$ cat query-v8.tsv   # TSV, C-alpha atoms
chain	number	residue	atom	x	y	z
A	1358	MET	CA	10.19	48.33	8.18
A	1359	ALA	CA	9.10	48.15	4.57
A	1360	ILE	CA	6.38	45.76	3.61
A	1361	HIS	CA	7.91	42.89	1.65
A	1362	LYS	CA	5.80	41.98	-1.30
A	1363	GLU	CA	7.49	38.62	-1.83
A	1364	HIS	CA	7.76	36.90	1.49
A	1365	GLU	CA	9.14	33.35	1.60
A	1366	LEU	CA	5.72	32.27	2.84
A	1367	HIS	CA	4.10	33.62	-0.29
A	1368	GLN	CA	6.44	31.57	-2.43
A	1369	ARG	CA	5.51	28.42	-0.54
A	1370	ARG	CA	1.82	29.20	-0.85
A	1371	PHE	CA	2.30	29.84	-4.55
A	1372	GLY	CA	3.94	26.43	-4.90
A	1373	ARG	CA	1.05	24.83	-3.07
A	1374	ASN	CA	-1.51	26.59	-5.25
A	1375	MET	CA	0.30	25.56	-8.41
A	1376	GLY	CA	0.44	21.97	-7.17
A	1377	LEU	CA	-3.28	21.93	-6.41
A	1378	GLY	CA	-3.99	23.55	-9.78
A	1379	ALA	CA	-2.01	20.80	-11.54
A	1380	VAL	CA	-3.89	18.11	-9.59
A	1381	LEU	CA	-7.27	19.60	-10.50
A	1382	LEU	CA	-6.26	19.92	-14.14
A	1383	ALA	CA	-5.14	16.28	-14.17
A	1384	PHE	CA	-8.51	15.29	-12.66
A	1385	VAL	CA	-10.38	17.14	-15.42
A	1386	VAL	CA	-8.26	15.38	-18.07
A	1387	ILE	CA	-8.96	11.98	-16.48
A	1388	VAL	CA	-12.73	12.51	-16.29
A	1389	PHE	CA	-12.77	13.74	-19.89
A	1390	GLY	CA	-10.64	10.78	-21.04
A	1391	LEU	CA	-12.91	8.31	-19.23
A	1392	THR	CA	-15.94	9.91	-20.85
A	1393	VAL	CA	-14.41	9.52	-24.31
A	1394	VAL	CA	-13.51	5.88	-23.67
A	1395	LYS	CA	-16.89	4.97	-22.17
A	1396	VAL	CA	-18.97	6.73	-24.81
A	1397	SER	CA	-16.97	5.39	-27.76
A	1398	ARG	CA	-17.13	1.81	-26.48
A	1399	GLN	CA	-20.85	1.50	-25.82
A	1400	ASP	CA	-22.94	-0.79	-28.02
A	1401	ALA	CA	-25.82	0.21	-30.29
A	1402	ASN	CA	-28.23	0.45	-27.34
A	1403	GLY	CA	-25.90	2.69	-25.35
A	1404	ASN	CA	-24.92	-0.09	-22.92
A	1405	PRO	CA	-21.33	-0.49	-21.73
A	1406	PRO	CA	-19.30	-3.62	-22.69
A	1407	SER	CA	-20.57	-6.55	-20.66
A	1408	ALA	CA	-17.31	-7.39	-18.87
A	1409	GLU	CA	-17.17	-4.08	-17.04
A	1410	ALA	CA	-20.87	-3.71	-16.51
A	1411	LYS	CA	-21.81	-6.68	-14.39
A	1412	PRO	CA	-20.75	-6.54	-10.76
B	641	MET	CA	6.31	44.60	9.89
B	642	SER	CA	4.80	42.45	7.22
B	643	ASP	CA	1.35	41.02	7.72
B	644	THR	CA	2.68	37.47	7.81
B	645	SER	CA	4.83	37.94	10.89
B	646	ALA	CA	2.12	36.58	13.16
B	647	ILE	CA	2.37	33.20	11.47
B	648	ASP	CA	5.16	30.83	12.37
B	649	HIS	CA	6.37	30.67	8.81
B	650	GLY	CA	8.92	27.96	9.32
B	651	ARG	CA	6.08	25.54	9.80
B	652	GLU	CA	3.54	26.17	7.10
B	653	ALA	CA	3.15	23.16	4.83
B	654	GLY	CA	4.23	23.06	1.22
B	655	PHE	CA	2.63	20.87	-1.41
B	656	GLY	CA	5.13	18.11	-0.73
B	657	ASP	CA	4.02	17.81	2.89
B	658	PHE	CA	0.52	16.92	1.75
B	659	VAL	CA	1.99	14.32	-0.60
B	660	GLN	CA	3.90	12.88	2.37
B	661	LEU	CA	0.56	12.41	4.17
B	662	LEU	CA	-0.38	9.86	1.52
B	663	LYS	CA	2.61	7.61	2.35
B	664	PRO	CA	4.06	7.52	-1.19
B	665	ARG	CA	6.32	4.54	-0.44
B	666	VAL	CA	3.36	2.38	0.62
B	667	MET	CA	1.43	3.72	-2.38
B	668	SER	CA	4.10	2.46	-4.78
B	669	LEU	CA	3.58	-1.08	-3.47
B	670	VAL	CA	-0.19	-0.68	-3.82
B	671	VAL	CA	0.22	0.54	-7.42
B	672	PHE	CA	2.45	-2.38	-8.31
B	673	THR	CA	0.36	-5.18	-6.77
B	674	ALA	CA	-2.94	-3.71	-8.00
B	675	MET	CA	-1.48	-3.40	-11.48
B	676	VAL	CA	-0.37	-7.04	-11.47
B	677	GLY	CA	-3.80	-8.16	-10.21
B	678	LEU	CA	-5.44	-6.23	-13.04
B	679	ILE	CA	-3.10	-7.42	-15.79
B	680	VAL	CA	-3.07	-11.12	-14.94
B	681	ALA	CA	-6.89	-11.23	-14.76
B	682	PRO	CA	-8.51	-12.98	-17.73
B	683	VAL	CA	-10.80	-10.13	-18.89
B	684	PRO	CA	-9.03	-7.42	-20.92
B	685	VAL	CA	-9.52	-3.82	-19.73
B	686	HIS	CA	-9.18	-0.71	-21.88
B	687	PRO	CA	-5.71	0.74	-21.15
B	688	PHE	CA	-7.04	4.16	-20.12
B	689	VAL	CA	-9.65	2.60	-17.81
B	690	ALA	CA	-6.90	0.39	-16.34
B	691	PHE	CA	-4.64	3.41	-15.79
B	692	THR	CA	-7.33	5.44	-14.02
B	693	ALA	CA	-8.45	2.43	-11.97
B	694	ILE	CA	-4.91	1.88	-10.65
B	695	LEU	CA	-4.56	5.62	-10.02
B	696	PHE	CA	-7.71	5.69	-7.88
B	697	ILE	CA	-6.80	2.48	-6.04
B	698	ALA	CA	-3.49	4.19	-5.18
B	699	LEU	CA	-5.34	7.34	-4.15
B	700	GLY	CA	-7.58	5.28	-1.87
B	701	GLY	CA	-4.44	3.77	-0.33
B	702	GLY	CA	-3.06	7.29	0.12
B	703	ALA	CA	-6.30	8.41	1.76
B	704	SER	CA	-6.06	5.61	4.31
B	705	GLY	CA	-2.45	6.68	4.94
B	706	ALA	CA	-3.60	10.23	5.71
B	707	LEU	CA	-6.35	8.95	8.02
B	708	ASN	CA	-3.77	6.72	9.73
B	709	MET	CA	-1.50	9.74	10.30
B	710	TRP	CA	-4.44	11.70	11.70
B	711	TYR	CA	-5.37	9.01	14.22
B	712	ASP	CA	-1.83	7.94	15.10
B	713	ALA	CA	-0.36	11.44	15.52
B	714	ASP	CA	0.18	10.80	19.26
B	715	ILE	CA	2.33	7.70	18.77
B	716	ASP	CA	4.04	9.07	15.64
B	717	ARG	CA	5.41	11.89	17.83
B	718	ILE	CA	7.14	9.36	20.07
B	719	MET	CA	8.58	6.90	17.55
B	720	ARG	CA	11.92	7.78	15.92
B	721	ARG	CA	10.85	6.24	12.61
B	722	THR	CA	7.75	8.45	12.31
B	723	LYS	CA	8.82	11.67	14.10
B	724	GLY	CA	9.51	13.45	10.82
B	725	ARG	CA	5.99	12.94	9.40
B	726	PRO	CA	4.05	16.13	8.55
B	727	VAL	CA	1.61	15.95	11.49
B	728	PRO	CA	4.17	15.32	14.30
B	729	THR	CA	6.38	18.14	12.98
B	730	GLY	CA	3.37	20.49	13.03
B	731	LYS	CA	3.46	21.33	9.33
B	732	VAL	CA	0.01	19.86	8.76
B	733	SER	CA	-2.63	19.95	11.48
B	734	GLU	CA	-4.48	16.81	12.56
B	735	GLY	CA	-7.72	18.29	11.25
B	736	GLU	CA	-6.20	18.88	7.83
B	737	ALA	CA	-4.98	15.28	7.68
B	738	LEU	CA	-8.47	14.06	8.60
B	739	GLY	CA	-10.10	16.31	6.01
B	740	LEU	CA	-7.73	15.29	3.24
B	741	GLY	CA	-8.11	11.61	4.13
B	742	LEU	CA	-11.91	11.71	4.12
B	743	ALA	CA	-12.14	13.74	0.92
B	744	LEU	CA	-9.71	11.51	-0.98
B	745	SER	CA	-11.48	8.37	0.32
B	746	GLY	CA	-14.77	9.59	-1.12
B	747	ILE	CA	-13.26	10.71	-4.42
B	748	SER	CA	-11.23	7.53	-4.96
B	749	VAL	CA	-14.14	5.16	-4.18
B	750	MET	CA	-16.61	7.09	-6.36
B	751	MET	CA	-14.17	7.41	-9.25
B	752	LEU	CA	-13.14	3.74	-9.13
B	753	GLY	CA	-16.82	2.76	-9.12
B	754	LEU	CA	-17.50	4.97	-12.13
B	755	ALA	CA	-14.35	4.05	-14.05
B	756	ALA	CA	-14.45	0.29	-13.46
B	757	ASN	CA	-17.38	-1.23	-11.57
B	758	TRP	CA	-19.10	-0.81	-8.21
B	759	PHE	CA	-17.83	-4.10	-6.86
B	760	ALA	CA	-14.26	-2.79	-7.19
B	761	GLY	CA	-15.33	0.59	-5.73
B	762	GLY	CA	-17.00	-1.11	-2.77
B	763	PHE	CA	-13.95	-3.29	-2.27
B	764	LEU	CA	-11.75	-0.18	-2.11
B	765	ALA	CA	-14.11	1.40	0.43
B	766	PHE	CA	-13.95	-1.77	2.53
B	767	THR	CA	-10.13	-1.74	2.34
B	768	ILE	CA	-9.95	1.85	3.59
B	769	PHE	CA	-12.42	1.01	6.38
B	770	PHE	CA	-10.43	-2.08	7.31
B	771	TYR	CA	-7.10	-0.24	7.47
B	772	VAL	CA	-8.35	2.83	9.31
B	773	VAL	CA	-11.00	1.43	11.66
B	774	ILE	CA	-10.14	-2.24	12.18
B	775	TYR	CA	-6.34	-1.90	12.10
B	776	THR	CA	-5.41	1.67	13.11
B	777	MET	CA	-8.15	2.43	15.61
B	778	TRP	CA	-8.77	-0.99	17.06
B	779	LEU	CA	-6.17	-3.72	16.68
B	780	LYS	CA	-2.90	-1.80	16.44
B	781	ARG	CA	-3.01	-0.67	20.06
B	782	SER	CA	-4.75	-3.65	21.57
B	783	THR	CA	-3.19	-6.90	20.38
B	784	PRO	CA	0.27	-8.22	19.45
B	785	GLN	CA	-1.43	-9.90	16.48
B	786	ASN	CA	-2.07	-6.35	15.16
B	787	ILE	CA	-0.01	-6.65	11.99
B	788	VAL	CA	-1.24	-10.16	11.22
B	789	ILE	CA	-4.79	-8.92	10.77
B	790	GLY	CA	-3.80	-5.41	9.69
B	791	GLY	CA	-1.72	-6.97	6.93
B	792	ALA	CA	-4.98	-7.92	5.25
B	793	ALA	CA	-5.52	-4.25	4.35
B	794	GLY	CA	-2.22	-4.20	2.47
B	795	ALA	CA	-3.11	-7.49	0.79
B	796	PHE	CA	-6.37	-6.32	-0.79
B	797	PRO	CA	-4.97	-4.21	-3.70
B	798	PRO	CA	-4.28	-7.13	-6.11
B	799	MET	CA	-7.82	-8.39	-5.39
B	800	ILE	CA	-9.19	-4.93	-6.21
B	801	GLY	CA	-7.14	-4.91	-9.42
B	802	TRP	CA	-8.60	-8.33	-10.29
B	803	ALA	CA	-12.09	-7.05	-9.47
B	804	VAL	CA	-11.61	-4.08	-11.83
B	805	SER	CA	-11.12	-6.56	-14.66
B	806	THR	CA	-13.52	-9.39	-13.77
B	807	GLY	CA	-16.02	-7.67	-11.48
B	808	GLY	CA	-15.60	-10.42	-8.88
B	809	VAL	CA	-13.38	-12.65	-6.77
B	810	SER	CA	-11.74	-15.95	-7.70
B	811	VAL	CA	-9.25	-18.51	-6.38
B	812	GLU	CA	-6.36	-16.72	-8.10
B	813	SER	CA	-7.15	-13.34	-6.58
B	814	VAL	CA	-7.58	-14.89	-3.12
B	815	LEU	CA	-4.18	-16.58	-3.49
B	816	MET	CA	-2.55	-13.25	-4.42
B	817	PHE	CA	-4.17	-11.81	-1.29
B	818	ALA	CA	-2.89	-14.76	0.76
B	819	ILE	CA	0.71	-14.26	-0.34
B	820	ILE	CA	0.81	-10.65	0.87
B	821	PHE	CA	-1.21	-11.56	3.96
B	822	MET	CA	1.24	-14.29	5.02
B	823	TRP	CA	4.25	-12.19	4.00
B	824	THR	CA	3.37	-9.11	6.08
B	825	PRO	CA	3.98	-10.51	9.61
B	826	PRO	CA	7.56	-11.76	9.03
B	827	HIS	CA	8.31	-8.53	7.15
B	828	PHE	CA	7.20	-6.30	10.03
B	829	TRP	CA	8.47	-8.45	12.85
B	830	ALA	CA	11.94	-8.35	11.28
B	831	LEU	CA	11.62	-4.56	11.30
B	832	ALA	CA	10.49	-4.64	14.94
B	833	LEU	CA	13.54	-6.76	15.84
B	834	PHE	CA	16.00	-4.05	14.81
B	835	MET	CA	13.79	-1.03	15.57
B	836	LYS	CA	14.09	-2.22	19.17
B	837	ASP	CA	12.47	0.18	21.65
B	838	ASP	CA	10.56	2.35	19.19
B	839	TYR	CA	7.31	0.43	19.58
B	840	SER	CA	7.56	-0.16	23.30
B	841	ASN	CA	8.15	3.56	23.97
B	842	ALA	CA	5.01	4.35	22.02
B	843	GLY	CA	3.01	1.69	23.85
B	844	VAL	CA	2.19	-0.29	20.71
B	845	PRO	CA	1.91	-3.97	21.67
B	846	MET	CA	4.39	-5.44	19.19
B	847	LEU	CA	5.04	-9.15	19.48
B	848	THR	CA	8.70	-8.43	20.24
B	849	VAL	CA	7.61	-6.46	23.30
B	850	THR	CA	4.71	-8.54	24.62
B	851	HIS	CA	6.03	-12.07	24.03
B	852	GLY	CA	9.74	-11.43	23.77
B	853	ARG	CA	12.15	-11.39	20.90
B	854	LYS	CA	12.70	-15.16	20.91
B	855	ALA	CA	8.97	-15.66	20.29
B	856	ALA	CA	9.06	-13.13	17.47
B	857	ARG	CA	11.88	-15.06	15.81
B	858	ARG	CA	9.87	-18.29	16.12
B	859	HIS	CA	6.82	-16.58	14.62
B	860	ILE	CA	8.87	-15.25	11.69
B	861	PHE	CA	10.15	-18.72	10.87
B	862	VAL	CA	6.70	-20.33	11.11
B	863	TYR	CA	5.22	-17.70	8.77
B	864	THR	CA	7.97	-18.26	6.17
B	865	LEU	CA	7.00	-21.96	6.27
B	866	LEU	CA	3.26	-21.20	5.93
B	867	LEU	CA	3.90	-18.75	3.09
B	868	ALA	CA	5.61	-21.32	0.84
B	869	PRO	CA	2.55	-23.53	0.06
B	870	VAL	CA	0.46	-20.43	-0.72
B	871	ALA	CA	3.09	-19.18	-3.18
B	872	LEU	CA	3.36	-22.63	-4.79
B	873	ALA	CA	-0.43	-22.90	-5.07
B	874	LEU	CA	-0.55	-19.58	-6.93
B	875	ALA	CA	2.23	-20.78	-9.24
B	876	LEU	CA	0.11	-23.85	-10.11
B	877	SER	CA	-3.10	-21.83	-10.64
B	878	SER	CA	-4.31	-20.43	-13.97
B	879	VAL	CA	-2.27	-17.22	-13.60
B	880	GLY	CA	0.90	-19.20	-12.83
B	881	GLY	CA	3.32	-20.99	-15.12
B	882	PRO	CA	6.93	-22.18	-15.28
B	883	VAL	CA	8.35	-18.68	-14.60
B	884	VAL	CA	6.17	-18.14	-11.52
B	885	LEU	CA	6.87	-21.67	-10.28
B	886	PHE	CA	10.61	-21.15	-10.63
B	887	ALA	CA	10.43	-17.79	-8.83
B	888	ALA	CA	8.26	-19.26	-6.09
B	889	VAL	CA	10.61	-22.18	-5.44
B	890	VAL	CA	13.76	-20.04	-5.34
B	891	LEU	CA	12.31	-17.10	-3.39
B	892	ASN	CA	10.58	-19.27	-0.79
B	893	ALA	CA	13.67	-21.42	-0.27
B	894	LEU	CA	15.69	-18.24	0.39
B	895	PHE	CA	12.96	-16.78	2.61
B	896	ILE	CA	12.72	-19.94	4.71
B	897	ARG	CA	16.51	-20.05	4.98
B	898	GLY	CA	16.49	-16.41	6.17
B	899	GLY	CA	13.78	-17.21	8.72
B	900	TRP	CA	15.79	-20.20	9.96
B	901	GLN	CA	18.90	-18.01	10.35
B	902	LEU	CA	16.94	-15.47	12.39
B	903	LEU	CA	15.57	-18.27	14.55
B	904	ARG	CA	19.05	-19.61	15.32
B	905	ARG	CA	20.54	-16.24	16.28
B	906	ASP	CA	20.67	-15.22	19.91
B	907	GLU	CA	20.22	-11.61	20.99
B	908	GLY	CA	23.87	-11.14	21.94
B	909	ALA	CA	25.12	-12.03	18.47
B	910	ALA	CA	22.41	-9.91	16.84
B	911	GLU	CA	23.27	-6.88	18.92
B	912	ALA	CA	27.00	-7.39	18.35
B	913	ASP	CA	26.77	-7.08	14.56
B	914	GLY	CA	24.11	-4.34	14.60
B	915	TYR	CA	21.20	-6.63	13.53
B	916	LYS	CA	22.85	-7.39	10.22
B	917	ALA	CA	20.89	-10.57	9.49
B	918	GLU	CA	17.58	-8.98	10.58
B	919	LYS	CA	18.15	-6.00	8.30
B	920	ALA	CA	19.16	-8.28	5.42
B	921	PHE	CA	16.01	-10.37	5.98
B	922	PHE	CA	13.85	-7.22	5.97
B	923	ARG	CA	15.41	-6.03	2.71
B	924	PHE	CA	15.05	-9.45	1.14
B	925	SER	CA	11.37	-9.57	2.15
B	926	LEU	CA	10.77	-6.46	0.00
B	927	ALA	CA	12.59	-8.09	-2.94
B	928	TYR	CA	10.59	-11.28	-2.35
B	929	LEU	CA	7.25	-9.57	-2.89
B	930	PHE	CA	8.46	-7.46	-5.79
B	931	LEU	CA	10.00	-10.41	-7.66
B	932	HIS	CA	7.03	-12.67	-6.96
B	933	PHE	CA	4.54	-10.25	-8.49
B	934	GLY	CA	7.10	-9.41	-11.18
B	935	ALA	CA	7.13	-13.10	-12.16
B	936	LEU	CA	3.32	-13.04	-12.50
B	937	LEU	CA	3.67	-10.04	-14.78
B	938	VAL	CA	6.33	-11.78	-16.91
B	939	GLU	CA	4.12	-14.88	-17.19
B	940	ALA	CA	1.14	-12.76	-18.29
B	941	SER	CA	3.19	-10.96	-20.95
B	942	LEU	CA	4.59	-14.27	-22.24
B	943	LYS	CA	1.02	-15.51	-22.69
B	944	ALA	CA	0.45	-12.73	-25.20
B	945	TYR	CA	3.06	-14.46	-27.39
B	946	GLY	CA	1.61	-17.92	-26.86
B	947	LEU	CA	4.28	-18.79	-24.31
B	948	GLY	CA	4.10	-19.16	-20.55
B	949	GLY	CA	1.21	-20.41	-18.46
B	950	TRP	CA	0.21	-24.05	-18.07
$ encode --input "query-v8.tsv" --output "structure tokens"
Amino acid sequence: MAIHKEHELHQRRFGRNMGLGAVLLAFVVIVFGLTVVKVSRQDANGNPPSAEAKP
Amino acid sequence: MSDTSAIDHGREAGFGDFVQLLKPRVMSLVVFTAMVGLIVAPVPVHPFVAFTAILFIALGGGASGALNMWYDADIDRIMRRTKGRPVPTGKVSEGEALGLGLALSGISVMMLGLAANWFAGGFLAFTIFFYVVIYTMWLKRSTPQNIVIGGAAGAFPPMIGWAVSTGGVSVESVLMFAIIFMWTPPHFWALALFMKDDYSNAGVPMLTVTHGRKAARRHIFVYTLLLAPVALALALSSVGGPVVLFAAVVLNALFIRGGWQLLRRDEGAAEADGYKAEKAFFRFSLAYLFLHFGALLVEASLKAYGLGGW
């Protein structure tokens, strides 16, 4: 029997890898976006806005 | 022969099976209530921070769902309602569910702490602990009051949302917690009434099994009565207003009426019409929570135009 290059299993694994890739990419975008927001909103001393800082 | 023939390829998980582990339907409720808690809170939050905070609260909820499916795999295999979940069907192994749950718990708590504040992050960690350890591992299998106390885990999200904005706890956030907390038992007991032998087969001590169905109907009615003052108190608090008060009066009147109808039904009549009233009550309970928090959202948006509120 010939070796099938594209087995159904490979397709499913490909889908899973693409899904995980998309999730990781989204995570990178979120961390970058948070960084931009936090850095651009800090005051002259580099402290975050008071409302979000105090526990 | 291809090299994959040794693997039972009908059963390897796709990406969607891992999403199923996070209980997306429960997550949608978490997203909604956490979002309302965050928006009605008095301190404005940057929209992107708010978005990420809600995302990570939802992810924390999903993580506790995965941990619940890891621990409860044995009873999920028995119950009709849960047989099709990824772990009972063998698509995802128990170890994978545990790993995913733990990893996402850590990520969601850390990211919420960094994005918002560490009080909110700690609160999320406590919620996951409460749902997985206190509810799933301990109370669910040992007491018929399981969902009363376990309901607290589902009631925390609006408080976490509030904590993202204010960094603390207040009367309003406790009242939002109390509404979901008092709403959960009648919601689940109605489900247990028409899901008949599912829970008893699995050996989960549901009230309907341990104290009988008549007692469950009594409990449902009492909880609809206890829920009403909590809902009215929230309507009269600083996040309430005419819209919330109107919604609270109407929804609670209907909920109490539904509870009374369930109380008056005997088992013969219920079985004869296929648990019609019980199913209607269960569906209405979902609408109740959605509309109640929706009213809070409407009130908060009206405030932006100088309307609404007291």
$ closest_residue --input "query-v8.tsv" --among "A:Val1385, A:Leu1366, A:Ala1379, A:Val1396" --to "chain B" --atoms "all atoms listed in the file"
A:Leu1366
$ residues_around --input "query-v8.tsv" --residues "region 655-658 of chain B" --least-positions-apart "2" --cutoff "10 Å" --atoms "all atoms listed in the file" --output "list of chain:residue names"
A:Arg1369, A:Arg1370, A:Phe1371, A:Gly1372, A:Arg1373, A:Asn1374, A:Met1375, A:Gly1376, A:Leu1377, B:Glu652, B:Ala653, B:Gln660, B:Leu661, B:Leu662, B:Lys663, B:Ala706, B:Arg725, B:Pro726, B:Val727, B:Lys731, B:Val732, B:Glu736, B:Ala737, B:Leu740
$ interface_residues --input "query-v8.tsv" --of "chain B" --to "chain A" --cutoff "8 Å" --atoms "all atoms listed in the file" --output "list in words"
Met641, Ser642, Thr644, His649, Glu652, Ala653, Gly654, Phe655, Val683, Phe688, Val689, Thr692, Ala755, Ala756, Asn757, Trp758, Phe759, Val804, Ser805, Thr806, Gly807 and Gly808 of chain B
$ write_last_selection --input "query-v8.tsv" --atoms "C-alpha atoms" --output "mmCIF file, keeping the file's coordinate frame"
data_model
loop_
_atom_site.group_PDB
_atom_site.id
_atom_site.type_symbol
_atom_site.label_atom_id
_atom_site.label_comp_id
_atom_site.auth_asym_id
_atom_site.auth_seq_id
_atom_site.Cartn_x
_atom_site.Cartn_y
_atom_site.Cartn_z
ATOM 1 C CA MET B 641 6.310 44.600 9.890
ATOM 2 C CA SER B 642 4.800 42.450 7.220
ATOM 3 C CA THR B 644 2.680 37.470 7.810
ATOM 4 C CA HIS B 649 6.370 30.670 8.810
ATOM 5 C CA GLU B 652 3.540 26.170 7.100
ATOM 6 C CA ALA B 653 3.150 23.160 4.830
ATOM 7 C CA GLY B 654 4.230 23.060 1.220
ATOM 8 C CA PHE B 655 2.630 20.870 -1.410
ATOM 9 C CA VAL B 683 -10.800 -10.130 -18.890
ATOM 10 C CA PHE B 688 -7.040 4.160 -20.120
ATOM 11 C CA VAL B 689 -9.650 2.600 -17.810
ATOM 12 C CA THR B 692 -7.330 5.440 -14.020
ATOM 13 C CA ALA B 755 -14.350 4.050 -14.050
ATOM 14 C CA ALA B 756 -14.450 0.290 -13.460
ATOM 15 C CA ASN B 757 -17.380 -1.230 -11.570
ATOM 16 C CA TRP B 758 -19.100 -0.810 -8.210
ATOM 17 C CA PHE B 759 -17.830 -4.100 -6.860
ATOM 18 C CA VAL B 804 -11.610 -4.080 -11.830
ATOM 19 C CA SER B 805 -11.120 -6.560 -14.660
ATOM 20 C CA THR B 806 -13.520 -9.390 -13.770
ATOM 21 C CA GLY B 807 -16.020 -7.670 -11.480
ATOM 22 C CA GLY B 808 -15.600 -10.420 -8.880
#
$ atom_distance --input "query-v8.tsv" --atom1 "CA of Val772 (chain B)" --atom2 "CA of Leu815 (chain B)"
23.6 Å
$ atom_distance --input "query-v8.tsv" --atom1 "CA of Gly791 (chain B)" --atom2 "CA of Gly881 (chain B)"
26.6 Å
$ residues_around --input "query-v8.tsv" --residues "Glu734 (chain B)" --least-positions-apart "4" --cutoff "9 Å" --atoms "only C-alpha atoms" --output "tab-separated table (two decimals) with C-alpha atoms, in the frame of the given file"
chain	number	residue	atom	x	y	z
B	709	MET	CA	-1.50	9.74	10.30
B	710	TRP	CA	-4.44	11.70	11.70
B	711	TYR	CA	-5.37	9.01	14.22
B	713	ALA	CA	-0.36	11.44	15.52
B	727	VAL	CA	1.61	15.95	11.49
B	728	PRO	CA	4.17	15.32	14.30
B	730	GLY	CA	3.37	20.49	13.03
B	738	LEU	CA	-8.47	14.06	8.60
B	739	GLY	CA	-10.10	16.31	6.01
$ atom_distance --input "query-v8.tsv" --atom1 "CA of Thr722 (chain B)" --atom2 "CA of Pro664 (chain B)"
14.0 Å
$ residues_around --input "query-v8.tsv" --residues "region 828-831 of chain B" --least-positions-apart "2" --cutoff "10 Å" --atoms "all atoms listed in the file" --output "ChimeraX atom specification"
/B:787-788,791,823-826,833-836,846-848,853,856-857,859-860,899,902,915,917-923,925
$ residues_around --input "query-v8.tsv" --residues "Val884 (chain B)" --least-positions-apart "5" --cutoff "6 Å" --atoms "all atoms listed in the file" --output "ChimeraX atom specification"
/B:875,935-936
$ closest_residue --input "query-v8.tsv" --among "B:Phe817, B:Phe672, B:Tyr839, B:Trp778" --to "Arg720 (chain B)" --atoms "all atoms listed in the file"
B:Tyr839
$ residues_around --input "query-v8.tsv" --residues "Asn786 (chain B)" --least-positions-apart "3" --cutoff "10 Å" --atoms "all atoms listed in the file" --output "VMD selection string"
chain B and resid 774 to 776 778 to 783 789 to 791 825 844 to 847
$ closest_residue --input "query-v8.tsv" --among "B:Ala893, B:Ala888, B:Leu764, B:Ile819" --to "Leu867 (chain B)" --atoms "all atoms listed in the file"
B:Ile819
$ build_atoms --input "query-v8.tsv" --residues "region 661-672 of chain B" --atoms "N, CA and C atoms" --output "PDB file, keeping the file's coordinate frame"
ATOM      1  N   LEU B 661       1.689  12.947   3.389  1.00  0.00           N
ATOM      2  CA  LEU B 661       0.560  12.410   4.170  1.00  0.00           C
ATOM      3  C   LEU B 661       0.001  11.137   3.540  1.00  0.00           C
ATOM      4  N   LEU B 662       0.204  11.004   2.230  1.00  0.00           N
ATOM      5  CA  LEU B 662      -0.380   9.860   1.520  1.00  0.00           C
ATOM      6  C   LEU B 662       0.541   8.638   1.529  1.00  0.00           C
ATOM      7  N   LYS B 663       1.655   8.714   2.266  1.00  0.00           N
ATOM      8  CA  LYS B 663       2.610   7.610   2.350  1.00  0.00           C
ATOM      9  C   LYS B 663       3.007   7.097   0.954  1.00  0.00           C
ATOM     10  N   PRO B 664       3.727   7.909   0.192  1.00  0.00           N
ATOM     11  CA  PRO B 664       4.060   7.520  -1.190  1.00  0.00           C
ATOM     12  C   PRO B 664       4.785   6.195  -1.323  1.00  0.00           C
ATOM     13  N   ARG B 665       5.586   5.814  -0.320  1.00  0.00           N
ATOM     14  CA  ARG B 665       6.320   4.540  -0.440  1.00  0.00           C
ATOM     15  C   ARG B 665       5.366   3.356  -0.367  1.00  0.00           C
ATOM     16  N   VAL B 666       4.360   3.446   0.529  1.00  0.00           N
ATOM     17  CA  VAL B 666       3.360   2.380   0.620  1.00  0.00           C
ATOM     18  C   VAL B 666       2.527   2.377  -0.662  1.00  0.00           C
ATOM     19  N   MET B 667       2.237   3.591  -1.166  1.00  0.00           N
ATOM     20  CA  MET B 667       1.430   3.720  -2.380  1.00  0.00           C
ATOM     21  C   MET B 667       2.084   3.013  -3.554  1.00  0.00           C
ATOM     22  N   SER B 668       3.422   3.083  -3.643  1.00  0.00           N
ATOM     23  CA  SER B 668       4.100   2.460  -4.780  1.00  0.00           C
ATOM     24  C   SER B 668       3.891   0.949  -4.770  1.00  0.00           C
ATOM     25  N   LEU B 669       3.851   0.361  -3.583  1.00  0.00           N
ATOM     26  CA  LEU B 669       3.580  -1.080  -3.470  1.00  0.00           C
ATOM     27  C   LEU B 669       2.143  -1.383  -3.876  1.00  0.00           C
ATOM     28  N   VAL B 670       1.225  -0.512  -3.459  1.00  0.00           N
ATOM     29  CA  VAL B 670      -0.190  -0.680  -3.820  1.00  0.00           C
ATOM     30  C   VAL B 670      -0.353  -0.601  -5.341  1.00  0.00           C
ATOM     31  N   VAL B 671       0.305   0.380  -5.960  1.00  0.00           N
ATOM     32  CA  VAL B 671       0.220   0.540  -7.420  1.00  0.00           C
ATOM     33  C   VAL B 671       0.707  -0.735  -8.106  1.00  0.00           C
ATOM     34  N   PHE B 672       1.849  -1.225  -7.658  1.00  0.00           N
ATOM     35  CA  PHE B 672       2.450  -2.380  -8.310  1.00  0.00           C
ATOM     36  C   PHE B 672       1.569  -3.631  -8.174  1.00  0.00           C
TER      37      PHE B 672
END
